[in-house]
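So this block is protein-v9.txt, compact mmCIF, C-alpha atoms and all ligand atoms:
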```txt
# COMPACT_ATOMS: atom_id res chain seq x y z
CA MET U 248 14.10 21.44 -4.49
CA SER U 249 12.12 22.34 -7.55
CA SER U 250 13.97 19.79 -9.59
CA ASP U 251 13.56 16.19 -10.48
CA ILE U 252 16.36 13.74 -10.70
CA SER U 253 15.78 11.07 -13.27
CA TRP U 254 17.88 8.24 -14.38
CA MET U 255 17.89 5.50 -16.89
CA LYS U 256 19.23 2.25 -15.70
CA LYS U 257 19.94 -0.62 -17.96
CA GLY U 258 18.26 -3.85 -17.10
CA LEU U 259 16.09 -2.27 -14.44
CA LYS U 260 13.30 -4.48 -13.28
CA LYS U 261 10.28 -3.65 -11.26
CA ARG U 262 8.71 -5.92 -8.73
CA PRO U 263 4.99 -5.78 -8.13
CA VAL U 264 4.75 -6.10 -4.35
CA GLY U 265 6.59 -4.25 -1.58
CA GLU U 266 9.15 -6.45 0.14
CA TRP U 267 9.54 -8.65 -2.88
CA PHE U 268 12.55 -8.75 -5.10
CA SER U 269 13.95 -11.22 -7.55
CA GLU U 270 17.49 -12.44 -7.24
CA LYS U 271 17.65 -12.96 -10.99
CA HIS U 272 20.04 -10.73 -12.89
CA LYS U 273 20.13 -9.90 -16.54
CA SER U 274 23.20 -11.02 -18.36
CA THR U 275 26.14 -8.64 -18.55
CA SER U 276 26.04 -8.72 -22.33
CA SER U 277 22.61 -7.10 -22.42
CA SER U 278 22.70 -3.71 -24.05
CA SER U 279 18.99 -3.13 -23.94
CA SER U 280 17.73 -0.24 -21.90
CA ARG U 281 14.18 -1.60 -21.82
CA SER U 282 13.10 -2.68 -18.42
CA VAL U 283 11.21 -5.89 -18.00
CA VAL U 284 8.35 -5.28 -15.67
CA PRO U 285 6.77 -8.45 -14.37
CA LYS U 286 3.04 -8.88 -14.15
CA ALA U 287 1.38 -8.82 -10.74
CA SER U 288 0.71 -12.53 -11.12
CA GLU U 289 4.42 -13.32 -11.24
CA ASN U 290 5.78 -14.58 -8.02
CA PRO U 291 9.07 -12.92 -7.11
CA THR U 292 11.34 -14.03 -4.35
CA ARG U 293 10.74 -12.63 -0.90
CA LEU U 294 13.38 -10.48 0.70
CA ASP U 295 14.98 -11.82 3.83
CA TYR U 296 14.02 -10.60 7.27
CA GLY U 297 14.93 -11.38 10.85
CA LYS U 298 18.50 -11.85 12.01
CA LEU U 299 20.81 -12.80 9.17
CA SER U 300 23.99 -14.80 9.73
CA GLU U 301 27.39 -13.15 9.60
CA GLU U 302 28.13 -15.05 6.37
CA ASP U 303 24.99 -13.91 4.57
CA ARG U 304 25.57 -10.30 5.63
CA ASN U 305 29.09 -10.42 4.23
CA ILE U 306 28.59 -9.63 0.53
CA PRO U 307 31.37 -10.62 -1.91
CA LYS U 308 32.60 -7.85 -4.22
CA TYR U 309 30.26 -7.06 -7.11
CA LYS U 310 29.82 -4.60 -9.96
CA THR U 311 26.73 -2.66 -10.97
CA LYS U 312 25.96 -0.55 -14.00
CA PRO U 313 26.35 3.16 -13.36
CA VAL U 314 23.27 5.26 -12.85
CA ILE U 315 23.06 8.29 -15.13
CA PHE U 316 21.52 11.26 -13.35
CA LYS U 317 19.84 14.10 -15.18
CA GLU U 318 18.04 17.07 -13.65
CA PHE U 319 14.67 18.26 -14.91
CA ASP U 320 12.11 20.78 -13.81
CA ALA U 321 9.73 19.17 -11.29
CA THR U 322 6.72 19.91 -13.45
CA SER U 323 8.22 18.00 -16.38
CA ASN U 324 5.75 15.62 -17.87
CA TYR U 325 7.40 12.56 -19.29
CA GLU U 326 4.82 11.84 -21.97
CA ASN U 327 7.44 10.39 -24.27
CA ALA U 328 9.73 8.80 -21.71
CA GLY U 329 10.30 5.09 -21.79
CA SER U 330 8.62 2.96 -19.16
CA ASN U 331 11.97 2.18 -17.55
CA MET U 332 12.89 5.74 -16.67
CA VAL U 333 12.96 6.14 -12.92
CA VAL U 334 12.13 9.60 -11.61
CA MET U 335 12.91 11.09 -8.24
CA THR U 336 10.42 13.88 -7.77
CA THR U 337 8.73 15.96 -5.07
CA GLN U 338 4.94 15.97 -5.43
CA PRO U 339 3.08 18.22 -5.37
CA SER U 340 5.84 20.42 -6.75
CA ARG U 341 7.66 22.44 -4.13
CA GLY U 342 9.26 25.84 -4.66
CA PHE U 343 12.56 26.86 -3.06
CA ASP U 344 10.76 29.24 -0.66
CA ASP U 345 7.89 26.91 0.26
CA ALA U 346 7.82 26.22 4.00
CA LEU U 347 5.86 23.48 5.74
CA LYS U 348 4.08 25.98 8.03
CA ASP U 349 2.44 27.56 4.96
CA ASN U 350 1.82 24.17 3.31
CA PRO U 351 0.50 21.92 6.10
CA ASP U 352 -0.43 19.15 3.64
CA GLY U 353 3.29 18.71 2.97
CA TRP U 354 5.01 17.00 0.07
CA THR U 355 5.91 13.49 -0.95
CA GLU U 356 9.33 12.40 -2.10
CA CYS U 357 8.67 9.93 -4.91
CA LEU U 358 10.85 7.29 -6.51
CA ILE U 359 8.58 6.30 -9.38
CA LEU U 360 8.51 5.31 -13.04
CA ALA U 361 8.10 8.17 -15.53
CA PRO U 362 4.67 7.02 -16.81
CA SER U 363 3.43 7.02 -13.20
CA LYS U 364 4.49 10.64 -12.82
CA THR U 365 2.66 11.50 -16.04
CA GLN U 366 -0.45 9.86 -14.63
CA ILE U 367 -0.17 11.83 -11.40
CA LEU U 368 0.29 15.17 -13.15
CA ASN U 369 -2.57 14.39 -15.56
CA THR U 370 -5.00 13.50 -12.74
CA PRO U 371 -7.92 15.97 -12.97
CA GLY U 372 -7.70 18.48 -10.12
CA PHE U 373 -4.18 17.48 -9.03
CA PRO U 374 -2.97 18.76 -6.63
CA GLN U 375 -6.09 19.30 -4.55
CA PRO U 376 -5.84 19.95 -0.80
CA LEU U 377 -6.14 16.84 1.37
CA ARG U 378 -9.73 15.77 2.14
CA ARG U 379 -9.36 15.96 5.91
CA PRO U 380 -12.28 15.20 8.25
CA PRO U 381 -13.73 18.34 9.93
CA THR U 382 -12.13 17.41 13.27
CA LYS U 383 -9.21 15.06 13.85
CA PRO U 384 -10.97 12.02 15.34
CA TYR U 385 -7.91 10.23 16.76
CA GLU U 386 -4.63 10.63 18.57
CA VAL U 387 -1.36 8.71 18.50
CA ARG U 388 -0.54 7.30 21.93
CA GLN U 389 2.00 5.04 23.56
CA LEU U 390 0.15 1.78 24.32
CA PRO U 391 1.25 -0.76 26.90
CA GLY U 392 3.08 -3.62 25.16
CA ARG U 393 2.09 -2.40 21.69
CA GLY U 394 4.44 0.50 21.01
CA LYS U 395 2.61 3.48 19.57
CA GLY U 396 -0.97 3.13 18.41
CA VAL U 397 -3.94 5.18 17.25
CA ILE U 398 -6.91 5.74 19.57
CA ALA U 399 -10.34 7.09 18.54
CA LEU U 400 -11.14 10.37 20.35
CA GLN U 401 -14.83 10.15 19.39
CA ASP U 402 -17.29 7.62 18.00
CA ILE U 403 -16.53 7.04 14.32
CA ASN U 404 -19.11 5.61 11.91
CA ALA U 405 -18.52 3.07 9.14
CA GLY U 406 -17.22 4.83 6.03
CA ASP U 407 -15.99 7.92 7.92
CA LEU U 408 -12.50 9.27 7.36
CA ILE U 409 -10.08 8.80 10.24
CA ILE U 410 -6.55 9.62 9.02
CA VAL U 411 -5.81 11.64 5.89
CA GLU U 412 -2.25 12.57 5.07
CA ARG U 413 0.30 12.99 2.31
CA PRO U 414 2.81 10.18 2.20
CA LEU U 415 6.27 11.17 3.36
CA VAL U 416 7.71 8.86 0.75
CA ILE U 417 6.42 6.84 -2.20
CA SER U 418 8.91 4.39 -3.53
CA LEU U 419 9.09 1.53 -6.03
CA SER U 420 8.08 -1.54 -4.11
CA GLY U 421 10.63 -3.71 -5.81
CA LEU U 422 13.47 -3.37 -8.18
CA ALA U 423 16.09 -5.66 -9.63
CA ILE U 424 19.45 -4.12 -10.17
CA ASP U 425 22.15 -5.50 -12.42
CA ILE U 426 24.63 -6.94 -10.01
CA HIS U 427 27.53 -9.01 -11.21
CA PHE U 428 29.67 -11.11 -8.93
CA ASP U 429 33.02 -12.63 -9.86
CA PRO U 430 32.08 -15.95 -11.56
CA ASP U 431 34.78 -17.75 -9.55
CA VAL U 432 33.22 -16.83 -6.22
CA THR U 433 30.38 -18.82 -4.70
CA VAL U 434 27.56 -16.48 -3.80
CA THR U 435 24.54 -17.52 -1.73
CA GLU U 436 21.01 -16.48 -2.63
CA ALA U 437 20.89 -14.49 0.60
CA GLN U 438 24.06 -12.62 -0.38
CA LYS U 439 22.59 -11.76 -3.79
CA LYS U 440 19.52 -10.32 -2.12
CA GLN U 441 21.73 -8.41 0.29
CA ALA U 442 23.51 -6.75 -2.62
CA VAL U 443 20.21 -5.78 -4.27
CA MET U 444 18.99 -4.31 -0.97
CA ARG U 445 22.21 -2.38 -0.49
CA GLU U 446 21.90 -0.80 -3.94
CA TYR U 447 18.24 -0.01 -3.42
CA ALA U 448 18.99 1.50 -0.01
CA ARG U 449 21.42 3.88 -1.73
CA MET U 450 18.63 5.21 -3.93
CA VAL U 451 16.38 5.64 -0.90
CA GLU U 452 19.19 7.57 0.79
CA THR U 453 19.12 10.13 -2.03
CA LEU U 454 15.34 10.25 -1.82
CA VAL U 455 15.29 10.90 1.93
CA SER U 456 18.05 13.53 1.68
CA ARG U 457 15.67 15.65 -0.41
CA MET U 458 12.97 15.75 2.30
CA ASP U 459 11.89 18.81 4.25
CA PRO U 460 13.76 18.57 7.61
CA GLU U 461 10.57 18.28 9.67
CA LEU U 462 9.10 15.59 7.41
CA LYS U 463 12.41 13.77 7.44
CA ALA U 464 12.37 13.81 11.25
CA GLN U 465 8.88 12.26 11.16
CA PHE U 466 10.15 9.55 8.82
CA MET U 467 13.19 8.79 10.97
CA ASP U 468 10.98 8.57 14.07
CA LEU U 469 8.99 5.66 12.56
CA ALA U 470 9.53 2.07 13.66
CA ASN U 471 12.00 -0.19 11.84
CA SER U 472 11.44 -3.94 12.17
CA HIS U 473 14.27 -4.70 9.71
CA GLU U 474 17.31 -3.71 11.74
CA HIS U 475 19.19 -6.98 11.35
CA ASP U 476 18.47 -8.10 7.80
CA GLY U 477 20.55 -5.70 5.72
CA SER U 478 17.71 -3.33 4.80
CA GLY U 479 19.48 -0.38 6.40
CA PRO U 480 17.73 2.31 8.46
CA LEU U 481 15.88 3.98 5.55
CA PHE U 482 14.73 1.06 3.40
CA GLY U 483 13.98 -0.78 6.66
CA ARG U 484 11.49 1.95 7.57
CA ILE U 485 9.85 1.68 4.15
CA ARG U 486 9.56 -2.10 4.54
CA THR U 487 8.07 -1.71 8.01
CA ASN U 488 5.60 1.10 7.33
CA GLY U 489 4.71 0.99 3.63
CA PHE U 490 1.14 0.84 2.35
CA SER U 491 0.56 -0.32 -1.20
CA VAL U 492 -0.36 2.22 -3.87
CA SER U 493 -0.39 1.63 -7.61
CA PHE U 494 0.02 3.88 -10.62
CA VAL U 495 0.25 3.08 -14.29
CA LYS U 496 3.42 1.50 -15.56
CA ASP U 497 3.17 2.16 -19.24
CA ASN U 498 1.00 2.99 -22.22
CA LEU U 499 -0.90 5.68 -20.36
CA ASN U 500 -2.12 7.25 -23.55
CA LYS U 501 -2.99 3.98 -25.23
CA GLY U 502 -5.72 3.19 -22.75
CA ILE U 503 -3.89 0.24 -21.23
CA ASP U 504 -4.14 0.38 -17.48
CA ASP U 505 -1.09 -1.65 -16.64
CA ARG U 506 -0.36 -0.97 -13.00
CA VAL U 507 2.78 -1.04 -10.94
CA ARG U 508 2.93 -1.10 -7.16
CA TYR U 509 4.62 1.35 -4.87
CA SER U 510 5.09 1.59 -1.15
CA ALA U 511 3.64 4.73 0.47
CA VAL U 512 4.81 5.67 3.96
CA GLY U 513 2.75 8.11 6.01
CA ASN U 514 3.32 9.50 9.49
CA ASP U 515 0.26 8.89 11.72
CA ILE U 516 -1.06 6.13 9.46
CA SER U 517 2.18 4.21 10.10
CA ARG U 518 1.23 4.13 13.81
CA VAL U 519 -1.94 2.14 13.15
CA ASN U 520 -1.37 -1.34 14.54
CA HIS U 521 -2.37 -4.56 12.82
CA SER U 522 -5.36 -6.67 13.72
CA CYS U 523 -6.79 -9.71 11.92
CA CYS U 524 -10.16 -8.20 13.01
CA PRO U 525 -9.45 -4.67 11.74
CA ASN U 526 -11.84 -1.74 12.08
CA SER U 527 -10.41 0.42 9.29
CA GLY U 528 -9.27 0.21 5.69
CA TYR U 529 -6.95 2.24 3.51
CA SER U 530 -7.12 3.76 0.04
CA PHE U 531 -5.16 6.38 -1.91
CA HIS U 532 -6.73 9.49 -3.43
CA ARG U 533 -4.65 10.57 -6.37
CA ALA U 534 -6.05 14.09 -6.96
CA SER U 535 -5.17 15.22 -3.42
CA PHE U 536 -2.24 12.82 -3.24
CA GLY U 537 -3.59 11.58 0.07
CA MET U 538 -3.50 8.35 2.02
CA GLU U 539 -6.98 7.90 3.47
CA LEU U 540 -7.96 5.60 6.31
CA ARG U 541 -11.68 5.04 6.87
CA ALA U 542 -13.67 3.05 9.42
CA THR U 543 -14.99 -0.31 8.20
CA ARG U 544 -17.43 -0.47 11.10
CA LYS U 545 -18.45 1.69 14.03
CA ILE U 546 -15.45 2.53 16.22
CA SER U 547 -16.23 3.69 19.76
CA LYS U 548 -14.50 6.56 21.52
CA GLY U 549 -11.41 5.19 23.27
CA GLU U 550 -11.13 2.13 21.00
CA GLU U 551 -7.86 1.45 19.18
CA VAL U 552 -7.96 1.97 15.40
CA THR U 553 -6.48 -1.05 13.60
CA CYS U 554 -5.95 -2.18 10.02
CA SER U 555 -4.77 -5.40 8.40
CA TYR U 556 -1.16 -5.65 7.19
CA ILE U 557 -1.75 -8.87 5.30
CA ALA U 558 -3.43 -9.68 2.01
CA ASN U 559 -5.10 -13.05 2.54
CA ASP U 560 -8.24 -12.16 4.44
CA TRP U 561 -9.28 -15.64 5.46
CA ALA U 562 -5.92 -17.28 6.11
CA THR U 563 -5.54 -19.53 9.14
CA THR U 564 -4.01 -18.21 12.36
CA ALA U 565 -0.72 -19.97 11.59
CA GLU U 566 -0.64 -18.52 8.05
CA ARG U 567 -1.38 -15.03 9.33
CA GLN U 568 1.33 -15.25 11.99
CA LYS U 569 3.78 -16.35 9.29
CA ALA U 570 2.80 -13.44 7.01
CA LEU U 571 3.31 -11.03 9.94
CA GLU U 572 6.82 -12.27 10.79
CA PRO U 573 8.64 -9.47 8.91
CA TYR U 574 6.89 -6.96 11.19
CA ASP U 575 8.46 -8.61 14.20
CA PHE U 576 5.47 -9.01 16.50
CA VAL U 577 3.04 -11.75 17.43
CA CYS U 578 -0.60 -10.85 16.82
CA THR U 579 -2.84 -11.30 19.85
CA CYS U 580 -6.07 -10.09 18.26
CA PRO U 581 -9.37 -11.83 19.13
CA ALA U 582 -9.07 -14.10 16.05
CA CYS U 583 -5.51 -15.17 16.87
CA SER U 584 -6.42 -15.77 20.52
CA ASP U 585 -9.37 -18.03 19.73
CA PRO U 586 -8.45 -21.65 18.93
CA GLU U 587 -11.86 -22.19 17.30
CA ASN U 588 -11.41 -19.27 14.94
CA ASP U 589 -9.80 -21.17 12.06
CA SER U 590 -12.89 -23.30 11.59
CA VAL U 591 -15.06 -20.18 11.36
CA ARG U 592 -12.78 -18.39 8.91
CA SER U 593 -11.96 -21.39 6.70
CA PHE U 594 -15.58 -21.38 5.65
CA PHE U 595 -15.04 -18.13 3.75
CA GLN U 596 -12.07 -19.27 1.74
CA LYS U 597 -14.43 -20.51 -0.96
CA GLN U 598 -16.91 -18.42 -2.89
CA PRO U 599 -20.50 -19.46 -2.04
CA SER U 600 -22.79 -20.51 -4.85
CA ASP U 601 -25.05 -18.00 -6.63
CA ALA U 602 -27.95 -20.09 -5.35
CA LEU U 603 -27.18 -19.23 -1.70
CA PRO U 604 -30.58 -18.53 -0.09
CA LEU U 605 -31.28 -15.22 1.65
CA ASP U 606 -31.40 -16.55 5.21
CA GLU U 607 -27.97 -18.22 4.76
CA THR U 608 -26.61 -15.05 3.18
CA LEU U 609 -27.73 -12.97 6.16
CA LYS U 610 -26.17 -15.49 8.53
CA PHE U 611 -22.85 -15.24 6.67
CA ILE U 612 -23.02 -11.45 6.67
CA SER U 613 -23.45 -11.40 10.41
CA THR U 614 -20.56 -13.89 10.82
CA VAL U 615 -18.28 -11.67 8.72
CA GLU U 616 -19.33 -8.67 10.82
CA GLY U 617 -18.74 -10.71 13.98
CA GLN U 618 -15.22 -11.42 12.74
CA SER U 619 -14.77 -7.70 11.95
CA MET U 620 -13.88 -8.69 8.40
CA GLU U 621 -15.85 -6.09 6.47
CA ILE U 622 -12.59 -5.41 4.64
CA SER U 623 -12.81 -8.74 2.80
CA SER U 624 -14.17 -8.93 -0.74
CA MET U 625 -16.42 -11.76 0.46
CA TYR U 626 -18.39 -9.19 2.47
CA ASP U 627 -19.10 -7.18 -0.69
CA TRP U 628 -20.17 -10.31 -2.52
CA LEU U 629 -22.56 -11.28 0.28
CA LEU U 630 -24.04 -7.76 0.53
CA ASN U 631 -24.53 -7.64 -3.22
CA HIS U 632 -26.12 -11.08 -3.16
CA ALA U 633 -28.55 -9.99 -0.44
CA ILE U 634 -29.39 -6.81 -2.39
CA LYS U 635 -30.24 -8.87 -5.47
CA MET U 636 -32.53 -11.15 -3.49
CA TYR U 637 -34.29 -8.31 -1.68
CA ALA U 638 -34.84 -6.69 -5.07
CA LYS U 639 -36.35 -9.92 -6.41
CA ASP U 640 -38.67 -10.13 -3.40
CA GLY U 641 -39.65 -6.46 -3.86
CA ASP U 642 -38.44 -5.55 -0.34
CA LYS U 643 -37.43 -1.97 -1.17
CA GLU U 644 -36.57 -0.97 2.39
CA LYS U 645 -34.15 -3.83 3.00
CA GLU U 646 -32.68 -3.42 -0.46
CA LYS U 647 -31.87 0.23 0.33
CA GLU U 648 -30.46 -0.63 3.76
CA PHE U 649 -28.02 -3.14 2.27
CA LYS U 650 -27.10 -0.86 -0.61
CA GLU U 651 -26.10 1.78 1.92
CA LYS U 652 -23.99 -0.76 3.74
CA LEU U 653 -22.29 -1.77 0.50
CA PHE U 654 -21.77 1.84 -0.53
CA LYS U 655 -19.99 2.67 2.74
CA ASN U 656 -17.83 -0.40 2.48
CA GLN U 657 -16.85 0.42 -1.08
CA LEU U 658 -15.99 3.93 0.01
CA VAL U 659 -13.49 2.50 2.51
CA LYS U 660 -11.81 0.31 -0.06
CA CYS U 661 -11.84 2.54 -3.13
CA GLY U 662 -12.85 5.96 -1.83
CA GLY U 663 -9.57 7.31 -3.06
CA GLU U 664 -9.19 6.45 -6.69
CA ASN U 665 -12.83 5.89 -7.52
CA ALA U 666 -14.63 8.48 -5.41
CA PRO U 667 -16.24 10.27 -8.40
CA LEU U 668 -17.60 6.94 -9.62
CA ILE U 669 -18.97 6.10 -6.22
CA LYS U 670 -20.85 9.39 -6.18
CA THR U 671 -22.64 8.37 -9.37
CA VAL U 672 -24.13 5.33 -7.69
CA ASP U 673 -27.82 5.90 -7.22
CA LEU U 674 -28.86 4.01 -4.13
CA GLY U 675 -32.34 3.67 -5.62
CA ASN U 676 -31.07 1.58 -8.53
CA ASP U 677 -28.69 -1.30 -9.02
CA VAL U 678 -25.30 -0.77 -7.45
CA LYS U 679 -22.81 -1.09 -10.25
CA LEU U 680 -20.26 -3.28 -8.60
CA HIS U 681 -17.98 -3.43 -11.59
CA PHE U 682 -17.08 0.22 -10.94
CA PHE U 683 -15.39 -0.87 -7.80
CA ALA U 684 -13.27 -3.69 -9.06
CA VAL U 685 -9.72 -3.18 -7.87
ZN ZN U 701 -4.42 -11.65 14.66
```

Take the structure in the file and write it out as structure tokens.
Ligand SMILES: [Zn+2]
Amino acid sequence: MSSDISWMKKGLKKRPVGEWFSEKHKSTSSSSSRSVVPKASENPTRLDYGKLSEEDRNIPKYKTKPVIFKEFDATSNYENAGSNMVVMTTQPSRGFDDALKDNPDGWTECLILAPSKTQILNTPGFPQPLRRPPTKPYEVRQLPGRGKGVIALQDINAGDLIIVERPLVISLSGLAIDIHFDPDVTVTEAQKKQAVMREYARMVETLVSRMDPELKAQFMDLANSHEHDGSGPLFGRIRTNGFSVSFVKDNLNKGIDDRVRYSAVGNDISRVNHSCCPNSGYSFHRASFGMELRATRKISKGEEVTCSYIANDWATTAERQKALEPYDFVCTCPACSDPENDSVRSFFQKQPSDALPLDETLKFISTVEGQSMEISSMYDWLLNHAIKMYAKDGDKEKEKEFKEKLFKNQLVKCGGENAPLIKTVDLGNDVKLHFFAV
């Protein structure tokens, strides 16, 4: 348990977003061991979901390049490793005698690139204890028609921590594997993706087999909305429950912050249901290796805690329902239930002009709050715009009020990675928004 398994894989590719893979394969003649890691702006092919046909599930015979396993000490720092070395590691490091009852924060099984591990180990203070709230402000409950969900046990204020936990698993959110079919056989795109998923699922199998039995039981108890698409029971759970987290991909010591995305799966945080009007937001705190969910607005005792599973904040109802399809449920949140909602939200798809007057700005802010969309970057822009105008008018009190609002909202979105920077913000001066760019 105190060891790492690492492997080099020729032609390994990394995909930037969970659930996304490319069906492209490198040619068999390639002898390079350098991986080609696409930029976040590249648009890889989406993995299939739903019920696949018998034909697409039936994968013709293929060959893959063998994976070479090596064992290292878990504290190994891969300063000089190539960016294509994949590492299977338990973080924070776990000794043979370490039991969960003495280490309630637990451990994370990671399938990550070597430079990402270096970044984790070099994080100042790592591994700190989790930054849990003084009392646990929620409980996981069975909800009628919604499966399990998270309910607030007390009033929770904007910016406050709700759930803090170590991921059970952190895994590469995409990966292309050299797969070679017989050139005489016709292979469908769906079949190619099936083969990639099957190979990836094998890696996840090794990852999960390393887990502490109790943590593994938590993982296996999570929902799987990918039972009929070839994901398999383990990768299916990662696809269903993963939250995005990014670490560096390469050039850590050269000052180039080139990031690669991973999928982090927690236990209680995986029970938080989706809403297009969410009341919480998620960030990752590297020093404590913690997933942190904070309130984006006041949540009342007894209210369900929700977060958004989708990236496009101001998409139409139809677009949001489409983006939610892989999760296998139909959203019935207030926005999805209101036929007039698209016309309200479409207004925010465009950035307003810098000349937007204060009264209009305040109107927009209250509309965003009415939509429970504090999680959107538009909200930050509007708050910052109002702050600037209050400052120009010399209205110190209002300026401070809106800075506090912005500060809390930034804490929700970036409280993890950028917490020390946030603490340096002096609410009496200009809020340095560029600190918070993500
Ligand atoms: Zn909805």

Cut-off 12 Å, only C-alpha atoms and all ligand atoms, neighbours of ligand ZN 701 (chain U) as an NGL selection string: :U and (520-525 or 553-557 or 560-572 or 576-586 or 588-589 or 618-620)

Computed gap from CA of Ala405 in chain U to CA of Ser530 in chain U is 14.6 Å

Residue contacts of Phe531 in chain U (12 Å, all atoms listed in the file) excluding same-chain residues fewer than 6 positions away, as a PDB file with C-alpha atoms, in the coordinates of the input:
```pdb
ATOM      1  CA  LEU U 377      -6.140  16.840   1.370  1.00  0.00           C
ATOM      2  CA  ARG U 378      -9.730  15.770   2.140  1.00  0.00           C
ATOM      3  CA  ILE U 410      -6.550   9.620   9.020  1.00  0.00           C
ATOM      4  CA  VAL U 411      -5.810  11.640   5.890  1.00  0.00           C
ATOM      5  CA  GLU U 412      -2.250  12.570   5.070  1.00  0.00           C
ATOM      6  CA  ARG U 413       0.300  12.990   2.310  1.00  0.00           C
ATOM      7  CA  PRO U 414       2.810  10.180   2.200  1.00  0.00           C
ATOM      8  CA  ILE U 417       6.420   6.840  -2.200  1.00  0.00           C
ATOM      9  CA  PHE U 490       1.140   0.840   2.350  1.00  0.00           C
ATOM     10  CA  SER U 491       0.560  -0.320  -1.200  1.00  0.00           C
ATOM     11  CA  VAL U 492      -0.360   2.220  -3.870  1.00  0.00           C
ATOM     12  CA  SER U 493      -0.390   1.630  -7.610  1.00  0.00           C
ATOM     13  CA  PHE U 494       0.020   3.880 -10.620  1.00  0.00           C
ATOM     14  CA  TYR U 509       4.620   1.350  -4.870  1.00  0.00           C
ATOM     15  CA  SER U 510       5.090   1.590  -1.150  1.00  0.00           C
ATOM     16  CA  ALA U 511       3.640   4.730   0.470  1.00  0.00           C
ATOM     17  CA  VAL U 512       4.810   5.670   3.960  1.00  0.00           C
ATOM     18  CA  GLY U 513       2.750   8.110   6.010  1.00  0.00           C
ATOM     19  CA  GLY U 537      -3.590  11.580   0.070  1.00  0.00           C
ATOM     20  CA  MET U 538      -3.500   8.350   2.020  1.00  0.00           C
ATOM     21  CA  GLU U 539      -6.980   7.900   3.470  1.00  0.00           C
ATOM     22  CA  LEU U 540      -7.960   5.600   6.310  1.00  0.00           C
ATOM     23  CA  ARG U 541     -11.680   5.040   6.870  1.00  0.00           C
ATOM     24  CA  LEU U 658     -15.990   3.930   0.010  1.00  0.00           C
ATOM     25  CA  VAL U 659     -13.490   2.500   2.510  1.00  0.00           C
ATOM     26  CA  LYS U 660     -11.810   0.310  -0.060  1.00  0.00           C
ATOM     27  CA  CYS U 661     -11.840   2.540  -3.130  1.00  0.00           C
ATOM     28  CA  GLY U 662     -12.850   5.960  -1.830  1.00  0.00           C
ATOM     29  CA  GLY U 663      -9.570   7.310  -3.060  1.00  0.00           C
ATOM     30  CA  GLU U 664      -9.190   6.450  -6.690  1.00  0.00           C
ATOM     31  CA  ASN U 665     -12.830   5.890  -7.520  1.00  0.00           C
ATOM     32  CA  ALA U 666     -14.630   8.480  -5.410  1.00  0.00           C
TER      33      ALA U 666
END
```

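Nearest residue to Phe536 in chain U, choosing from U:Phe611, U:Trp354, U:Phe594, U:Tyr385 and counting all atoms listed in the file: U:Trp354.
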
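As for CA of Ser420 in chain U and CA of His532 in chain U, they are spaced 18.5 Å apart.
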
Between CA of Pro362 in chain U and CA of Val334 in chain U, distance in Å (one decimal):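 We find that CA of Pro362 in chain U and CA of Val334 in chain U lie 9.5 Å from each other.
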
In the coordinates of the file, take the point (23.9, -9.5, -3.1) and a cut-off of 12 Å; then, counting only C-alpha atoms, name each qualifying protein, DNA or RNA residue as a count of residues only. 41
